[in-house]
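S.K.: Sharing a structure with you now.
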Amino acid sequence: MSADPDFTLNIDPTLSTAALAGLEASMNAALRYDPGTRAALKDLQGQILAIESTAPALTVYLEIVDDDDRALRFFADPEGNCSPTTHICGSLSSLAALMFKDTSTLANSGVQVMGSTALLSELQILAKGLDLDWEDALNQITGDVLGHQLAEKMRNFAHWGRDRVQTGERLISEYLTEELKSIPALPELQTFYSQVDDTRMRVDRLEQKIQKILARKQKQ
Amino acid sequence: MTDKNTTDFGFEQVSVDEKAGRVADVFHSVAAKYDIMNDLMSAGVHRIWKRFTIELSGVRKGDKVLDIAGGTGDLSYKFSRLVGSEGLVVLADINDSMLKVGRDRLLDRGVAGNLVVSQADAQFLPFEDNSFDCITIAFGLRNVTDKALALRSMLRVLKPGGRLLVLEFSKPQHSLLEKVYDAYSFKILPFIGKVITDDSDSYRYLAESIRMHPDQETLKNMMTDAGFAETKFYNMTGGIVALHKGIKP
């Protein structure tokens, strides 16, 4: 691939550069429909997050910029000249989990953080508060009248889908607990756990009392 | 160069004095449709190759950049945004037709203040010693009559620690890819050239000049011989294109 033995990318630079260009274009296109997040990103301008996947081995850098047409810049830095503000490192699955799961701590996440954690938490807050005006994006393609009607239909469909999923979850839960009696209901389970906790504490107290009595007997 | 007085023009041998004129004719002919042809010929991948070049350039705000054989200004446009108002980009090309297209296009895209345009021969760069932080030459070196002389000229105008990046067609690293690439270059490319620019000869020259251009290792050694340090190259798209980098010690 290269004459340089320190070259760390294992894939053809054309592919990695194209993938990063595509990611950058889609993220920046999406951010155009959330001016609030884009404005908040300006406060982080110039900061760089290095995202290092150990399996597969690949490092991607995300820089917050303030160009006319982009707020985020993705690059690979194959020569390792970049000094990131924050460097996160872990397997691709643990990094993905960090991105998509609602986690407030990195303990047991399999992800290591080096450098400032402030940038990471700021980005997590911004990602959670992301509110894309997708109706505006739709209007750019279809025009305001048709776009609004389509958006209303899509919203109704999404609402209906969410209701169906919630109802389905409740019905399955009731069938398994009430009809089949194959699993306990959540309140039963919570009562059981509470009783186990109570028993464990009583046993602990009893054990301490026995130890105390035995110690007193030995002294006599 | 094969002997003292002749050099290659594609697969032809021509006199040294004649080559520059023949190359100029090629680019006068294709200048107007150069960008369309680049997109068609590479399926847009030339933008990816150039993006990687910019990533590796390490150009920052305030830098002075020389874009040799800059043609229609793809790299100069990106560099002008990276160097900011306190930096400078020089778009240089020996061919005035290409330069006019590049200058007009950059003006239309709002680039002004930190960009100058210069008609210059890469072999005899009309700039002071130690002037630039970074020099790029993208798809231009193979058209230069005396490549070693051009590399020495670039070294002269670079500041110590400055980077030279040479983006150029090179030798595919897989035999199967090489066969497919040969068929594409010699059969399909001249046909596209004929349809779009009504000039198949220029695109036949393009394919031939690529085959006559030094391969990855040879160009790397030429850069080292010219005086560059830490020379290295990155193959892209299986070696169809290579990006060479060298530092002025």
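Letters A, B, ... mark the chains of the structure tokens in the order given; residue numbers begin at 1 per chain; ligand numbers begin at 1, in order shown.
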When you get a sec, could you note down which chain B residues fall within 10 Å of chain A, using only C-alpha atoms, as a VMD selection string?
M.R.: chain B and resid 45 to 52 55 to 56 58 81 to 82 173 216 to 217 220 230 to 239 241 to 244
S.K.: As a PDB file with N, CA, C and O atoms, in the first residue's frame, please: every residue in range 3-127 of chain A that DSSP puts in strand (DSSP E).
M.R.:
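Generated file (out_22.pdb):
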ATOM      1  N   ILE A  48     -10.930  18.936  18.167  1.00  0.00           N
ATOM      2  CA  ILE A  48     -10.847  17.719  17.339  1.00  0.00           C
ATOM      3  C   ILE A  48     -11.081  16.491  18.210  1.00  0.00           C
ATOM      4  O   ILE A  48     -10.470  16.332  19.267  1.00  0.00           O
ATOM      5  N   LEU A  49     -11.965  15.636  17.742  1.00  0.00           N
ATOM      6  CA  LEU A  49     -12.222  14.360  18.432  1.00  0.00           C
ATOM      7  C   LEU A  49     -11.626  13.236  17.584  1.00  0.00           C
ATOM      8  O   LEU A  49     -11.972  13.100  16.405  1.00  0.00           O
ATOM      9  N   ALA A  50     -10.711  12.465  18.173  1.00  0.00           N
ATOM     10  CA  ALA A  50     -10.163  11.296  17.467  1.00  0.00           C
ATOM     11  C   ALA A  50     -10.965  10.070  17.893  1.00  0.00           C
ATOM     12  O   ALA A  50     -11.150   9.829  19.091  1.00  0.00           O
ATOM     13  N   ILE A  51     -11.472   9.323  16.938  1.00  0.00           N
ATOM     14  CA  ILE A  51     -12.256   8.127  17.227  1.00  0.00           C
ATOM     15  C   ILE A  51     -11.454   6.937  16.701  1.00  0.00           C
ATOM     16  O   ILE A  51     -11.318   6.762  15.488  1.00  0.00           O
ATOM     17  N   GLU A  52     -10.899   6.174  17.624  1.00  0.00           N
ATOM     18  CA  GLU A  52     -10.028   5.053  17.230  1.00  0.00           C
ATOM     19  C   GLU A  52     -10.733   3.733  17.480  1.00  0.00           C
ATOM     20  O   GLU A  52     -11.060   3.391  18.620  1.00  0.00           O
ATOM     21  N   SER A  53     -10.963   3.013  16.399  1.00  0.00           N
ATOM     22  CA  SER A  53     -11.535   1.676  16.522  1.00  0.00           C
ATOM     23  C   SER A  53     -10.380   0.668  16.553  1.00  0.00           C
ATOM     24  O   SER A  53      -9.502   0.691  15.688  1.00  0.00           O
ATOM     25  N   LEU A  58      -8.777   1.333  12.827  1.00  0.00           N
ATOM     26  CA  LEU A  58      -9.043   2.510  11.992  1.00  0.00           C
ATOM     27  C   LEU A  58      -9.225   3.717  12.909  1.00  0.00           C
ATOM     28  O   LEU A  58      -9.886   3.609  13.940  1.00  0.00           O
ATOM     29  N   THR A  59      -8.621   4.832  12.536  1.00  0.00           N
ATOM     30  CA  THR A  59      -8.807   6.053  13.329  1.00  0.00           C
ATOM     31  C   THR A  59      -9.376   7.150  12.435  1.00  0.00           C
ATOM     32  O   THR A  59      -8.868   7.387  11.340  1.00  0.00           O
ATOM     33  N   VAL A  60     -10.422   7.763  12.916  1.00  0.00           N
ATOM     34  CA  VAL A  60     -11.082   8.836  12.185  1.00  0.00           C
ATOM     35  C   VAL A  60     -11.067  10.082  13.065  1.00  0.00           C
ATOM     36  O   VAL A  60     -11.256   9.986  14.273  1.00  0.00           O
ATOM     37  N   TYR A  61     -10.820  11.226  12.466  1.00  0.00           N
ATOM     38  CA  TYR A  61     -10.794  12.479  13.212  1.00  0.00           C
ATOM     39  C   TYR A  61     -12.002  13.321  12.808  1.00  0.00           C
ATOM     40  O   TYR A  61     -12.348  13.390  11.626  1.00  0.00           O
ATOM     41  N   LEU A  62     -12.611  13.923  13.824  1.00  0.00           N
ATOM     42  CA  LEU A  62     -13.750  14.804  13.594  1.00  0.00           C
ATOM     43  C   LEU A  62     -13.370  16.180  14.130  1.00  0.00           C
ATOM     44  O   LEU A  62     -13.091  16.338  15.322  1.00  0.00           O
ATOM     45  N   GLU A  63     -13.324  17.164  13.222  1.00  0.00           N
ATOM     46  CA  GLU A  63     -12.985  18.523  13.638  1.00  0.00           C
ATOM     47  C   GLU A  63     -14.214  19.416  13.508  1.00  0.00           C
ATOM     48  O   GLU A  63     -14.946  19.339  12.516  1.00  0.00           O
ATOM     49  N   ILE A  64     -14.441  20.243  14.523  1.00  0.00           N
ATOM     50  CA  ILE A  64     -15.546  21.194  14.453  1.00  0.00           C
ATOM     51  C   ILE A  64     -15.028  22.435  13.734  1.00  0.00           C
ATOM     52  O   ILE A  64     -14.054  23.055  14.192  1.00  0.00           O
ATOM     53  N   LEU A  72     -18.833  20.293  10.357  1.00  0.00           N
ATOM     54  CA  LEU A  72     -18.000  19.153  10.769  1.00  0.00           C
ATOM     55  C   LEU A  72     -17.081  18.757   9.631  1.00  0.00           C
ATOM     56  O   LEU A  72     -17.483  18.778   8.468  1.00  0.00           O
ATOM     57  N   ARG A  73     -15.863  18.408   9.987  1.00  0.00           N
ATOM     58  CA  ARG A  73     -14.917  17.926   8.973  1.00  0.00           C
ATOM     59  C   ARG A  73     -14.390  16.579   9.432  1.00  0.00           C
ATOM     60  O   ARG A  73     -13.956  16.436  10.578  1.00  0.00           O
ATOM     61  N   PHE A  74     -14.446  15.570   8.585  1.00  0.00           N
ATOM     62  CA  PHE A  74     -13.920  14.243   8.901  1.00  0.00           C
ATOM     63  C   PHE A  74     -12.645  14.010   8.096  1.00  0.00           C
ATOM     64  O   PHE A  74     -12.604  14.302   6.908  1.00  0.00           O
ATOM     65  N   PHE A  75     -11.631  13.488   8.731  1.00  0.00           N
ATOM     66  CA  PHE A  75     -10.410  13.158   8.002  1.00  0.00           C
ATOM     67  C   PHE A  75      -9.678  11.996   8.685  1.00  0.00           C
ATOM     68  O   PHE A  75     -10.016  11.623   9.814  1.00  0.00           O
ATOM     69  N   THR A  86      -9.701  15.439  22.220  1.00  0.00           N
ATOM     70  CA  THR A  86     -10.160  14.246  22.930  1.00  0.00           C
ATOM     71  C   THR A  86      -9.934  13.030  22.041  1.00  0.00           C
ATOM     72  O   THR A  86     -10.146  13.107  20.829  1.00  0.00           O
ATOM     73  N   HIS A  87      -9.510  11.945  22.658  1.00  0.00           N
ATOM     74  CA  HIS A  87      -9.240  10.723  21.893  1.00  0.00           C
ATOM     75  C   HIS A  87     -10.032   9.593  22.549  1.00  0.00           C
ATOM     76  O   HIS A  87      -9.820   9.292  23.722  1.00  0.00           O
ATOM     77  N   ILE A  88     -10.970   9.010  21.818  1.00  0.00           N
ATOM     78  CA  ILE A  88     -11.684   7.861  22.374  1.00  0.00           C
ATOM     79  C   ILE A  88     -11.262   6.612  21.612  1.00  0.00           C
ATOM     80  O   ILE A  88     -11.013   6.652  20.411  1.00  0.00           O
ATOM     81  N   CYS A  89     -11.155   5.522  22.340  1.00  0.00           N
ATOM     82  CA  CYS A  89     -10.584   4.302  21.767  1.00  0.00           C
ATOM     83  C   CYS A  89     -11.373   3.088  22.259  1.00  0.00           C
ATOM     84  O   CYS A  89     -11.650   2.956  23.453  1.00  0.00           O
ATOM     85  N   GLY A  90     -11.728   2.202  21.362  1.00  0.00           N
ATOM     86  CA  GLY A  90     -12.452   0.985  21.737  1.00  0.00           C
ATOM     87  C   GLY A  90     -12.830   0.212  20.493  1.00  0.00           C
ATOM     88  O   GLY A  90     -12.542   0.651  19.369  1.00  0.00           O
ATOM     89  N   GLN A 112     -12.094   3.786  26.070  1.00  0.00           N
ATOM     90  CA  GLN A 112     -11.134   4.573  26.852  1.00  0.00           C
ATOM     91  C   GLN A 112     -11.136   6.006  26.339  1.00  0.00           C
ATOM     92  O   GLN A 112     -11.253   6.222  25.116  1.00  0.00           O
ATOM     93  N   VAL A 113     -10.999   6.956  27.229  1.00  0.00           N
ATOM     94  CA  VAL A 113     -10.950   8.364  26.824  1.00  0.00           C
ATOM     95  C   VAL A 113      -9.627   8.961  27.261  1.00  0.00           C
ATOM     96  O   VAL A 113      -9.211   8.794  28.405  1.00  0.00           O
ATOM     97  N   MET A 114      -8.982   9.649  26.323  1.00  0.00           N
ATOM     98  CA  MET A 114      -7.749  10.365  26.644  1.00  0.00           C
ATOM     99  C   MET A 114      -7.951  11.843  26.294  1.00  0.00           C
ATOM    100  O   MET A 114      -8.643  12.143  25.317  1.00  0.00           O
ATOM    101  N   GLY A 115      -7.382  12.716  27.066  1.00  0.00           N
ATOM    102  CA  GLY A 115      -7.549  14.152  26.830  1.00  0.00           C
ATOM    103  C   GLY A 115      -8.782  14.673  27.530  1.00  0.00           C
ATOM    104  O   GLY A 115      -9.275  14.079  28.490  1.00  0.00           O
TER     105      GLY A 115
END
S.K.: Counting only C-alpha atoms, what is within 10 Å of Val65 in chain B, bar same-chain residues fewer than 3 positions away, as a ChimeraX atom specification?
M.R.: /B:57,59-60,62,68,76,79-80,83,87-91,115,131-136,158,162-163
S.K.: Please identify the alpha helix (DSSP H) residues within range 76-247 of chain B (assignment by DSSP from backbone atoms) and present them as a PyMOL selection string.
M.R.: chain B and resi 76-83+96-108+147-157+175-183+189-197+200-212+216-226
S.K.: If we count only C-alpha atoms and set the cut-off at 7 Å, which residues sit around range 141-151 of chain B, ignoring sequence neighbours fewer than 6 positions away in its own chain? Please answer as a list in words.
M.R.: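 The contact residues come out as Val16, Lys19, Ala20, Val23, Ala122, Gln123, Ser209, His213, Met222, Met223 and Ala226 of chain B.
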S.K.: As an exercise, work out the distance from CA of Phe127 in chain B to CA of Met154 in chain B in Å and give it to one decimal place.
M.R.: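 Separating CA of Phe127 in chain B from CA of Met154 in chain B is a distance of 9.7 Å.
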S.K.: Could you state the separation of CA of Gly168 in chain A and CA of Lys153 in chain A in Å, given to one decimal place?
M.R.: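 We find that CA of Gly168 in chain A and CA of Lys153 in chain A lie 22.0 Å from each other.
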S.K.: Can you measure CA of Lys219 in chain A to CA of Val203 in chain A for me? One decimal in Å is fine.
M.R.: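 So the two atoms, CA of Lys219 in chain A and CA of Val203 in chain A, lie 24.4 Å apart.
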